[in-house]
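Source file target-v3.cif; content: mmCIF, C-alpha atoms.
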data_final
#
loop_
_atom_site.group_PDB
_atom_site.id
_atom_site.type_symbol
_atom_site.label_atom_id
_atom_site.label_comp_id
_atom_site.auth_asym_id
_atom_site.auth_seq_id
_atom_site.Cartn_x
_atom_site.Cartn_y
_atom_site.Cartn_z
ATOM 1 C CA MET A 1 15.607 32.998 16.771
ATOM 2 C CA THR A 2 13.711 30.201 18.477
ATOM 3 C CA GLY A 3 13.525 26.503 17.789
ATOM 4 C CA SER A 4 15.711 23.501 18.175
ATOM 5 C CA ASN A 5 18.474 22.182 15.989
ATOM 6 C CA LYS A 6 17.868 18.674 17.288
ATOM 7 C CA LYS A 7 17.555 16.046 14.605
ATOM 8 C CA LYS A 8 14.693 13.606 14.670
ATOM 9 C CA PRO A 9 15.840 10.166 15.823
ATOM 10 C CA ILE A 10 16.317 7.508 13.181
ATOM 11 C CA LYS A 11 13.411 5.038 13.127
ATOM 12 C CA ILE A 12 14.526 1.417 13.000
ATOM 13 C CA LEU A 13 12.506 -1.790 12.789
ATOM 14 C CA TRP A 14 14.543 -4.785 14.019
ATOM 15 C CA ILE A 15 13.171 -8.240 13.139
ATOM 16 C CA ASP A 16 14.736 -11.291 14.777
ATOM 17 C CA ASP A 17 13.300 -14.516 16.158
ATOM 18 C CA ASP A 18 16.113 -14.768 18.745
ATOM 19 C CA GLU A 19 14.748 -12.935 21.782
ATOM 20 C CA ASN A 20 18.212 -12.310 23.276
ATOM 21 C CA VAL A 21 19.616 -10.787 20.075
ATOM 22 C CA LEU A 22 16.478 -8.701 19.587
ATOM 23 C CA ASP A 23 16.559 -7.367 23.152
ATOM 24 C CA PHE A 24 20.285 -6.553 23.103
ATOM 25 C CA CYS A 25 20.249 -4.811 19.725
ATOM 26 C CA CYS A 26 17.125 -2.773 20.456
ATOM 27 C CA ARG A 27 18.364 -1.663 23.893
ATOM 28 C CA THR A 28 21.723 -0.660 22.405
ATOM 29 C CA LEU A 29 20.168 1.353 19.577
ATOM 30 C CA ARG A 30 17.742 3.079 21.944
ATOM 31 C CA ALA A 31 20.653 4.008 24.221
ATOM 32 C CA HIS A 32 22.148 5.803 21.212
ATOM 33 C CA GLY A 33 18.968 7.777 20.551
ATOM 34 C CA ALA A 34 17.226 5.668 17.908
ATOM 35 C CA GLU A 35 13.490 5.082 17.890
ATOM 36 C CA VAL A 36 13.324 1.294 17.674
ATOM 37 C CA HIS A 37 10.409 -1.028 16.999
ATOM 38 C CA SER A 38 10.935 -4.763 17.340
ATOM 39 C CA ALA A 39 9.319 -7.865 15.904
ATOM 40 C CA GLU A 40 9.925 -11.542 16.638
ATOM 41 C CA SER A 41 8.778 -12.718 13.194
ATOM 42 C CA GLY A 42 8.673 -11.571 9.614
ATOM 43 C CA MET A 43 4.880 -11.338 9.653
ATOM 44 C CA GLU A 44 4.911 -9.233 12.824
ATOM 45 C CA GLY A 45 7.557 -6.993 11.262
ATOM 46 C CA LEU A 46 5.472 -6.445 8.129
ATOM 47 C CA GLN A 47 2.467 -5.485 10.255
ATOM 48 C CA ILE A 48 4.538 -2.940 12.179
ATOM 49 C CA LEU A 49 5.859 -1.557 8.892
ATOM 50 C CA MET A 50 2.322 -1.177 7.520
ATOM 51 C CA ASP A 51 1.394 0.968 10.516
ATOM 52 C CA ASN A 52 4.620 2.967 10.959
ATOM 53 C CA ASP A 53 7.103 4.867 8.815
ATOM 54 C CA MET A 54 10.639 3.522 9.268
ATOM 55 C CA ASP A 55 13.995 4.722 8.011
ATOM 56 C CA VAL A 56 15.674 1.316 8.256
ATOM 57 C CA VAL A 57 14.557 -2.297 8.569
ATOM 58 C CA VAL A 58 17.104 -4.752 9.962
ATOM 59 C CA SER A 59 16.144 -8.406 9.671
ATOM 60 C CA ASP A 60 17.675 -11.707 10.589
ATOM 61 C CA LEU A 61 18.031 -13.924 7.534
ATOM 62 C CA GLU A 62 17.202 -17.294 9.063
ATOM 63 C CA MET A 63 13.778 -17.219 10.734
ATOM 64 C CA VAL A 64 10.879 -19.634 10.963
ATOM 65 C CA GLY A 65 8.006 -18.592 8.719
ATOM 66 C CA LEU A 66 9.024 -15.631 6.563
ATOM 67 C CA ASP A 67 12.809 -15.417 6.474
ATOM 68 C CA GLY A 68 14.694 -12.147 6.024
ATOM 69 C CA LEU A 69 14.907 -12.468 2.250
ATOM 70 C CA GLU A 70 11.158 -13.078 1.966
ATOM 71 C CA VAL A 71 10.515 -10.069 4.208
ATOM 72 C CA ALA A 72 12.761 -7.919 1.977
ATOM 73 C CA ILE A 73 10.837 -9.030 -1.117
ATOM 74 C CA LYS A 74 7.497 -8.219 0.550
ATOM 75 C CA VAL A 75 8.782 -4.802 1.647
ATOM 76 C CA ASN A 76 9.788 -4.067 -1.963
ATOM 77 C CA GLU A 77 6.285 -5.068 -3.070
ATOM 78 C CA MET A 78 4.644 -2.954 -0.330
ATOM 79 C CA PHE A 79 6.493 0.175 -1.393
ATOM 80 C CA SER A 80 6.568 -0.325 -5.170
ATOM 81 C CA GLU A 81 3.463 1.828 -5.706
ATOM 82 C CA SER A 82 3.313 3.556 -2.326
ATOM 83 C CA PRO A 83 3.806 7.288 -1.813
ATOM 84 C CA ARG A 84 5.536 6.443 1.466
ATOM 85 C CA LYS A 85 9.329 6.470 1.535
ATOM 86 C CA LYS A 86 10.760 2.943 1.263
ATOM 87 C CA PRO A 87 13.046 2.137 4.195
ATOM 88 C CA ALA A 88 16.608 0.950 3.720
ATOM 89 C CA PHE A 89 16.809 -2.809 4.307
ATOM 90 C CA VAL A 90 19.637 -4.717 6.014
ATOM 91 C CA ILE A 91 19.787 -8.503 6.336
ATOM 92 C CA LEU A 92 22.002 -10.024 9.025
ATOM 93 C CA THR A 93 22.769 -13.608 9.916
ATOM 94 C CA ALA A 94 25.054 -15.628 12.128
ATOM 95 C CA TRP A 95 24.847 -18.559 9.724
ATOM 96 C CA VAL A 96 26.766 -19.069 6.498
ATOM 97 C CA ARG A 97 24.488 -19.312 3.457
ATOM 98 C CA ASP A 98 25.282 -18.793 -0.196
ATOM 99 C CA MET A 99 22.946 -16.382 -1.939
ATOM 100 C CA SER A 100 21.906 -17.689 -5.329
ATOM 101 C CA SER A 101 21.689 -15.519 -8.418
ATOM 102 C CA GLU A 102 17.911 -16.082 -8.265
ATOM 103 C CA ASP A 103 17.854 -14.538 -4.756
ATOM 104 C CA MET A 104 19.757 -11.524 -6.049
ATOM 105 C CA ALA A 105 17.482 -11.204 -9.109
ATOM 106 C CA GLU A 106 14.443 -10.657 -6.876
ATOM 107 C CA GLY A 107 15.413 -6.983 -6.737
ATOM 108 C CA CYS A 108 16.355 -6.900 -3.083
ATOM 109 C CA PHE A 109 20.055 -6.282 -3.525
#

Written as structure tokens, that's how I'd like the structure from this file.
Amino acid sequence: MTGSNKKKPIKILWIDDDENVLDFCCRTLRAHGAEVHSAESGMEGLQILMDNDMDVVVSDLEMVGLDGLEVAIKVNEMFSESPRKKPAFVILTAWVRDMSSEDMAEGCF
């Protein structure tokens, strides 16, 4: 029997406007075998996602321009009628912010 039992690496898109956080997290994930794409803005992240299949999107919540919640909403819209598999979405933040019921009702959580 020939072939390899190796699993394909998980594909992660990390979106963060903090260059140091982005660099550290992406280097760490790559060291553990992940295929990682990075974006310094929500708009850049959406463009990468249009051109690449991802298993997971990790986004900072507080960013200039499109914040993490807005990116999550746009990802839901992008994949609502798409035959492509919708990636899991994780929002992270170092800041404390209450999520309103309206935020939750957007269908992201």

Using all atoms listed in the file, which residues of region 19-51 of chain A come within 12 Å of region 76-85 of chain A, and what is the closest atom pair for each, with the distance in Å to one decimal? Give it as CSV, sorted by chain and residue number.
residue,atom,partner,partner_atom,distance
A:Leu46,CA,A:Met78,CA,9.2
A:Gln47,CA,A:Met78,CA,11.1
A:Leu49,CA,A:Met78,CA,9.4
A:Met50,CA,A:Met78,CA,8.4
A:Asp51,CA,A:Arg84,CA,11.4

Exercise for the section: Take the PyMOL selection byres ((chain A and resi 32-34) around 10), apply it to the structure above, and return the hits as a ChimeraX atom specification. Expected result: /A:8-12,26-31,35-37

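You can rank A:Met43, A:Val58, A:Leu92, A:Leu13 by their closest distance to Lys74 (chain A) using only C-alpha atoms, and at the top of that list sits A:Met43.
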
Problem - Of the listed residues A:Leu66, A:Lys6, A:Ser59, A:Phe89, that which approaches Cys25 (chain A) most closely, counting all atoms listed in the file - result: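 Closest residue, counting all atoms listed in the file: A:Ser59.
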
Practice task
Go ahead and compute the interatomic distance for CA of Asp17 (chain A) and CA of Ile73 (chain A), in Å to one decimal.
Solution key: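 So the answer is 18.3 Å.
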
If you take every atom of region 48-52 of chain A that the file lists and fit an axis-aligned box around them with 6 Å extra on each side, what centre and edge lengths come out in Å to one decimal, as lines of an AutoDock Vina configuration file?
center_x = 3.6
center_y = 0.0
center_z = 9.8
size_x = 16.5
size_y = 17.9
size_z = 16.7

Practice task
Please indicate the distance in Å from CA of Asn20 (chain A) to CA of Leu69 (chain A), rounded to one decimal place.
Solution key: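 About the pair CA of Asn20 (chain A) and CA of Leu69 (chain A): they are 21.3 Å apart.
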
Exercise for the section: One decimal, Å: what's the distance from CA of Gly68 (chain A) over to CA of Glu19 (chain A), could you say? Expected result: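 A separation of 15.8 Å between them.
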
Problem - Counting all atoms listed in the file, the residue of A:Ala88, A:Ala39, A:Ala72, A:Ala94 that sits nearest Met54 (chain A) - result: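 Between A:Ala88, A:Ala39, A:Ala72, A:Ala94, the residue approaching Met54 (chain A) most closely is A:Ala88.
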
Practice task
Go through A:Val90, A:Asp53, A:Val75, A:Met63 and flag the residue nearest Asp16 (chain A), using only C-alpha atoms for the distances.
Solution key: A:Met63
